[in-house]
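One structure below.
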Amino acid sequence: MYMGSMDITDQQFLPAYDDPSSQEYKHLAGLVNRQLKLMYSKNSVLSKYFLESTVQAFSEGDGGTGDGVMVYYQSEFDVPEARVSSLDEAMGSLEEPEGEKVVRGRLLLKPTNKLKVNHLHLTQSYSNIHLLRVDVDYAPGSDQKSFRFHVQKEGVLQSPGFPNSSYPPSSFLRWQLRAARGFRVRLAFHTINMKKDCQKDFIKLYDSLVPIEHLVLAEKCGYLQKPMVVHSSGNVMLVTMVTSPERNVRSFTATYSQIPLSNTTCGGQLTGLTGVLTSPYFPGFYPPQTTCVWNIQVPEGHFIKVQFTEFSLADTAGGHATCSDYVEVNDQRLCGTRDSSTVFTARSTKMAIRFHSDSSHVDSGFSAKYEAFVPDNPCPGSFHCNNNLCVNSSLRCDGWNDCGDHSEENDCECQDGQMRCGNGRCKPKFWMCDGVDNCGDGSDEENCQCAAGQFRCQNDRCIPDNQTCDGLDHCSDGSDEAKCEKSVAVQQCTALTYQCSSGVCISKMNPECDGESDCEDASDEANCECGTQPYTSSAIVGGQMSQKGEWPWQVSLHVRGKGHVCGASVLNGSWLLTAAHCVLDDDKTKVDLWEALLGLHIQNQENEWTVRRNLKRIISHPDYNPLTYDHDMALMELEEPVSLNQNIWPICLPSPSHQFPAGESAWITGWGATREGGFGAVILQKAEVRVVNQSVCSSLMEGKITDSMLCAGVLKGGVDACQGDSGGPMSIISASGRVFQAGVVSWGEGCARKNKPGVYARVTQHRSWIREQTGL
């Protein structure tokens, strides 16, 4: 089968063409089918295997802006498998050359029945089409349905049964969306909650009314990565959903509407000392087949600097110089994704920036800011990085890569408390011999007791490198078997080896829920429906606002009459994890004092996803010490379970042997104070910190750190948890993309002070207790 479209230029679109049962629809469909048959008859391969064609839909011609009729059709051929490639080649010969708009000529059927065809588009055969790769179209008992929507008025599009029931298995569903002439379709997805297997369960959007593969706008599975608003190039859009035979979860809901085609802010003249430019509809997805040019001009005596603060363009060309969608600056094409350190300058008062998108695959686009600067002073009052970024001068030579290219860390005079790396950079002495290459050249890890060719155990013993990952515990603490790339069954279980359900211990580091079955009984991949972050990483001091639904395990704990007091995390539909000091201080052990708010993003602004629950019981760790905050952990059971969804989802609990190495990035989230002594945040905050070496933290915190605690922070200060964040999760995103809870926000000296990291209750140390109490 092939899906295709053609633009018929000598016909006028009639309202009746939207009704397949009308005589007008049937008449024009008959002419199209006869024309297609005539076209195929002129090719020996196509004529030999052709069976029939079926018109799927009509719409206004020329993308919904001009005269004529666009017809979408399906042609079926019965061809031996060995001849499929020949059929594809023959069908490809009917396509018009890319970039050309030629009239194919008038193919006469009868003197009174002729169609003038322009813009002929065909897909490849279904055997090569992603949409039908699970053969759902022909699966016995499969559910195949089509729906038609006019989007002149705003409405809701959702999968069958949403949100009260799971989406149907073995389905191939289509929604055809049509805007009025001169308008484009706008589709805003609020929820996508499918399995993460993109081979069997997925949603696909097309800039068409039939699934033509080179007109794919976007394809999604799993959970919504970020708010997604998609726009068509013309007045039609197709949404398709394919589901596997297995049991499914809730699927999607979206809002459709139409906006004028002319209502697109794109390009133009920019003047003045500063300004902002974005791709069309940013942060929504830009439409396909769009070209914009911005001409920037600043006053005489100034140059221009442009920084891309956000950049995500579809890149079907795989990063090659061609770039399917691109931004062109200074004759350089940019595509794919880029970080905020992407800066361009023009030693001129003028600069042109050009944006282009092709006919398929769109993304959220870009946001950029430009500013004029005096050539001899590009960063007034700040440090000028080699990549043209400007950073606060106080960040110079502090040991952190603030510029993104280390330029502010070059040519430094090391101060007290710093060491000099082999590359000349200065780093805090605390990082020496902590097992992390902080210098970037490994010099901070040299001369750390072990000689070349030896492995340094966690207990500081040295063993030959060839004794690591051989299944034997040469270190006596298991650390030589704890960081292996491949799993090896070890003779003796240690605190650093993962124990399978069968009792066998394996040496691979953090094997649970990494997508590979390392245990013979596959128990390392059991119970892994957790930690899936909807968006592709005690208020938080030095943090930033999170997106709605970005941290679906985050809970706000309210004391009745006082509002938000502490945070917590979702372990499943019935259990929450928080800090013991939240519930034991000030006689807060009474269950009826508390309310848990799940799915909350903004305090005092609940929505349809927010769930309030009373508590059934509170279980504090029996060894909690209110003086030292040792074992600062508590469990809460909800009075009534909640239904899990994209905005309420459990975080993964690590195994007792799970390792969170020093230097690893971690995330803290909460509604606590945004500065020491300040007020709580209204919008959920997030901040990135780094796991701090245990011995370093113990030294910094004057010996107050126990084995049940974990430290994380930014040692230069400025980023930390604070009052009101207690009980919330400190989470780490694994290489597989799953989020594990490493700690529970516990205590600290002030908030965000220099060389004073935050202290967290270590989850791995309490994993067995959590399982005993909850069964998880």
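Within each chain, counting starts at residue 1; across the structure tokens, chains are named A, B, ... in the order shown, with ligands numbered 1 upward in that order.
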
Excluding same-chain residues fewer than 5 positions from Leu187 (chain A), what lies within 6 Å of it counting only C-alpha atoms, as a PyMOL selection string?
chain A and resi 229-230+255-256

Closest of A:Glu408, A:Glu664, A:Asp592, A:Glu529 to Leu644 (chain A), counting only C-alpha atoms, is A:Glu529

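Counting only C-alpha atoms and comparing A:Ala687, A:Val239, A:Cys652, A:Val570, the residue that lies closest to Arg178 (chain A) is A:Val239.
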
Neighbouring residues of region 150-158 of chain A were defined as those with any atom within 8 Å, considering only C-alpha atoms; residues of the same chain fewer than 4 positions away were excluded. Please report them as a PyMOL selection string.
chain A and resi 162+177-180+185+251-258
